[in-house]
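Colleague: Once you've had a glance at the structure underneath, I'll fire off some questions.
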Amino acid sequence: MLEKSKKRVPFIVGNWKMHKTAAETREYIDHLSPLVFNLSIKVGLAVPYTDLFTAAEAAIDSNILIGAQNVSDVQEGALTGEISAPMIAETGADFVIIGHSERRRLFHETGESIHRKIKLALQSKLQIIFCIGESKEQREHSLADTTVKKQLYEGLKGITASEMKSIFIAYEPVWAIGNNQAADPVVVEKIHHLCHNYLANDLGLPAENIQILYGGSVNAQNAKNYLTLPSVQGLLVGGASLDVQTFVEIIYQAEKGLK
Ligand code: PGA
């Protein structure tokens, strides 16, 4: 099963979180574009909402995909401060991150709301990076497996095989995010296998449509540890993507792995 999905090219995505203005975004992408122009792997940048138009424009004619970091769970309405999927699509963005642990934890997003976001993003033809991952407490109580299965079920129940082609899963254990304590590759491989098996056997999704990324304190030094794992088909990189040179080092390692 993993053999088949291995054919998909790695997707290396920077998640800037709440960093960079539009001017800084343009400068970054102008710098990055020529450096990644001829690569076979996929490169993405998830930028703040206010940078989306600038980023999409700067990335035209490059092979960098642009994404948002969140989306509203309703299509339109009296919801001050929210941004809908059609609004994101209209900026020229290609994808959206949904269910990031910072959204789940700090903004109280539920499985139901995340599922609605996924459906609406699909309707607007956006690709999706759907984040899952257990907390430190859940891991300590041996609840990592049940937590990720529950998150997969809640987010993806009823999703068809064809819709799944637009969805990437990002396994990001909460305890490994933003703290230089990247997960042990053995742990990552185990959870990625669990996800593949659950998606294929319990949710009936074809293995070739399942692509799983790892995220959590990835940097230029440890990226290779994950990229060489058979079940890891991309990386979601937070802090280390803010510096273009560091991000490029990670991207080049993924490209090299393809050769
Ligand atoms: P980090 O963030 O690489 O800074 O740990 C990853 C993420 O939250 O997507």
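Chain labels follow the order of the structure tokens: the first chain is A, the next B, and so on; residue numbering restarts at 1 in every chain, and ligands are counted from 1 in their shown order.
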Run DSSP on the backbone of this structure and report the residues of region 1-49 of chain A it assigns to helix (DSSP H, G or I), as a ChimeraX atom specification.
Modeller: /A:2-5,22-36,49
Colleague: List as a ChimeraX atom specification the protein and nucleic acid residues near region 230-233 of chain A, meaning an atom at most 12 Å away when only C-alpha atoms are counted, but skip any in the same chain fewer than 4 places from it.
Modeller: /A:1-13,41-42,168-172,185-197,207-215,223-226,254-255,257-258
Colleague: Name each residue within 6 Å of ligand 1, counting only C-alpha atoms and all ligand atoms, as a PyMOL selection string.
Modeller: chain A and resi 15+177-178+215-218+236-239
Colleague: Write out as a list in words which residues come within 9 Å of region 22-26 of chain A when counting only C-alpha atoms, dropping same-chain ones fewer than 2 positions away.
Modeller: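 Skipping anything fewer than 2 positions along the chain leaves Lys20, Tyr28, Ile29, Asp30, His31, Val47, Pro48, Thr50, Asp51, Leu52, Phe53, Thr54, Ala55, Glu57, Ala58 and Ala59 of chain A.
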Colleague: Would you save the residues from that selection as a compact mmCIF listing (two decimals), in the first residue's frame, using all heavy atoms?
Modeller:
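Written out: result_24.txt:
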# COMPACT_ATOMS: atom_id res chain seq x y z
N LYS A 20 5.16 37.90 8.68
CA LYS A 20 5.44 38.54 7.38
C LYS A 20 4.27 39.40 6.86
O LYS A 20 3.12 38.96 6.78
CB LYS A 20 5.85 37.52 6.30
CG LYS A 20 7.16 36.82 6.65
CD LYS A 20 7.75 36.12 5.45
CE LYS A 20 8.90 35.21 5.88
NZ LYS A 20 10.07 35.94 6.40
N TYR A 28 10.35 37.67 -0.20
CA TYR A 28 10.65 36.26 0.04
C TYR A 28 10.41 35.43 -1.23
O TYR A 28 11.26 34.63 -1.65
CB TYR A 28 9.76 35.76 1.19
CG TYR A 28 9.98 34.34 1.67
CD1 TYR A 28 10.54 34.09 2.92
CD2 TYR A 28 9.62 33.24 0.89
CE1 TYR A 28 10.73 32.80 3.38
CE2 TYR A 28 9.80 31.95 1.34
CZ TYR A 28 10.35 31.73 2.59
OH TYR A 28 10.53 30.44 3.04
N ILE A 29 9.24 35.63 -1.84
CA ILE A 29 8.89 34.80 -3.01
C ILE A 29 9.77 35.15 -4.21
O ILE A 29 10.19 34.27 -4.96
CB ILE A 29 7.38 34.90 -3.32
CG1 ILE A 29 6.60 34.27 -2.17
CG2 ILE A 29 7.04 34.21 -4.65
CD1 ILE A 29 5.10 34.36 -2.26
N ASP A 30 10.09 36.42 -4.36
CA ASP A 30 11.01 36.80 -5.44
C ASP A 30 12.37 36.12 -5.27
O ASP A 30 13.03 35.77 -6.24
CB ASP A 30 11.20 38.33 -5.49
CG ASP A 30 9.96 39.03 -6.04
OD1 ASP A 30 9.08 38.33 -6.58
OD2 ASP A 30 9.88 40.27 -5.93
N HIS A 31 12.76 35.95 -4.04
CA HIS A 31 14.03 35.28 -3.74
C HIS A 31 13.91 33.76 -3.96
O HIS A 31 14.79 33.13 -4.55
CB HIS A 31 14.38 35.60 -2.28
CG HIS A 31 15.75 35.19 -1.86
ND1 HIS A 31 16.34 35.62 -0.71
CD2 HIS A 31 16.65 34.35 -2.42
CE1 HIS A 31 17.54 35.08 -0.60
NE2 HIS A 31 17.75 34.31 -1.62
N VAL A 47 0.42 31.35 3.94
CA VAL A 47 0.72 32.72 4.37
C VAL A 47 -0.49 33.32 5.08
O VAL A 47 -1.61 32.82 4.95
CB VAL A 47 1.10 33.59 3.14
CG1 VAL A 47 2.27 32.97 2.37
CG2 VAL A 47 -0.08 33.80 2.19
N PRO A 48 -0.30 34.41 5.83
CA PRO A 48 -1.46 35.09 6.43
C PRO A 48 -2.45 35.56 5.36
O PRO A 48 -2.05 35.83 4.22
CB PRO A 48 -0.82 36.30 7.14
CG PRO A 48 0.59 35.89 7.40
CD PRO A 48 0.97 35.02 6.24
N THR A 50 -3.82 38.31 4.71
CA THR A 50 -3.54 39.61 4.08
C THR A 50 -2.41 39.53 3.05
O THR A 50 -2.21 40.47 2.30
CB THR A 50 -3.19 40.66 5.14
OG1 THR A 50 -2.22 40.09 6.02
CG2 THR A 50 -4.41 41.09 5.94
N ASP A 51 -1.68 38.43 3.05
CA ASP A 51 -0.59 38.27 2.08
C ASP A 51 -1.00 37.45 0.86
O ASP A 51 -0.21 37.27 -0.07
CB ASP A 51 0.60 37.53 2.74
CG ASP A 51 1.21 38.32 3.89
OD1 ASP A 51 0.97 39.53 3.98
OD2 ASP A 51 1.93 37.70 4.70
N LEU A 52 -2.24 36.92 0.86
CA LEU A 52 -2.60 35.94 -0.18
C LEU A 52 -2.54 36.51 -1.60
O LEU A 52 -1.95 35.89 -2.48
CB LEU A 52 -4.01 35.37 0.09
CG LEU A 52 -4.08 34.31 1.18
CD1 LEU A 52 -5.54 33.98 1.50
CD2 LEU A 52 -3.35 33.03 0.75
N PHE A 53 -3.14 37.69 -1.81
CA PHE A 53 -3.13 38.26 -3.17
C PHE A 53 -1.69 38.49 -3.64
O PHE A 53 -1.31 38.11 -4.74
CB PHE A 53 -3.89 39.59 -3.20
CG PHE A 53 -5.34 39.43 -3.53
CD1 PHE A 53 -6.32 39.74 -2.58
CD2 PHE A 53 -5.75 39.00 -4.79
CE1 PHE A 53 -7.68 39.60 -2.88
CE2 PHE A 53 -7.10 38.86 -5.10
CZ PHE A 53 -8.06 39.16 -4.13
N THR A 54 -0.91 39.11 -2.77
CA THR A 54 0.49 39.41 -3.12
C THR A 54 1.26 38.12 -3.41
O THR A 54 2.00 38.02 -4.38
CB THR A 54 1.18 40.14 -1.95
OG1 THR A 54 0.39 41.27 -1.63
CG2 THR A 54 2.58 40.56 -2.29
N ALA A 55 1.06 37.12 -2.54
CA ALA A 55 1.80 35.86 -2.69
C ALA A 55 1.40 35.16 -3.99
O ALA A 55 2.25 34.69 -4.74
CB ALA A 55 1.52 34.96 -1.50
N GLU A 57 0.19 36.44 -6.66
CA GLU A 57 0.69 37.19 -7.82
C GLU A 57 2.20 36.97 -7.97
O GLU A 57 2.69 36.71 -9.07
CB GLU A 57 0.38 38.67 -7.62
CG GLU A 57 0.55 39.49 -8.86
CD GLU A 57 0.44 40.98 -8.54
OE1 GLU A 57 1.47 41.58 -8.19
OE2 GLU A 57 -0.68 41.49 -8.61
N ALA A 58 2.92 37.04 -6.86
CA ALA A 58 4.38 36.86 -6.93
C ALA A 58 4.75 35.44 -7.38
O ALA A 58 5.81 35.23 -7.96
CB ALA A 58 5.00 37.16 -5.56
N ALA A 59 3.85 34.49 -7.12
CA ALA A 59 4.17 33.09 -7.43
C ALA A 59 3.68 32.66 -8.81
O ALA A 59 3.91 31.51 -9.22
CB ALA A 59 3.58 32.17 -6.37
Colleague: I'd like to know which residues of region 51-92 of chain A are strand (DSSP E or B) (by DSSP, run on the backbone); could you write them as a ChimeraX atom specification?
Modeller: /A:64-68
Colleague: Using N, CA and C atoms, can you write the selected residues to a file as a tab-separated table (two decimals), in the first residue's frame?
Modeller:
chain	number	residue	atom	x	y	z
A	64	ILE	N	5.58	27.45	-7.13
A	64	ILE	CA	5.25	27.54	-5.70
A	64	ILE	C	3.74	27.65	-5.55
A	65	LEU	N	3.16	26.75	-4.75
A	65	LEU	CA	1.72	26.82	-4.48
A	65	LEU	C	1.50	27.71	-3.27
A	66	ILE	N	0.42	28.46	-3.30
A	66	ILE	CA	0.13	29.39	-2.20
A	66	ILE	C	-1.12	28.94	-1.46
A	67	GLY	N	-1.08	29.05	-0.14
A	67	GLY	CA	-2.23	28.62	0.64
A	67	GLY	C	-2.54	29.54	1.80
A	68	ALA	N	-3.78	29.41	2.30
A	68	ALA	CA	-4.19	30.10	3.52
A	68	ALA	C	-3.98	29.14	4.70
Colleague: Give the answer as one residue: which of A:Thr228, A:His19, A:Ser135, A:Lys119 has the shortest atom-to-atom distance to Ser101 (chain A), using only C-alpha atoms?
Modeller: A:Ser135
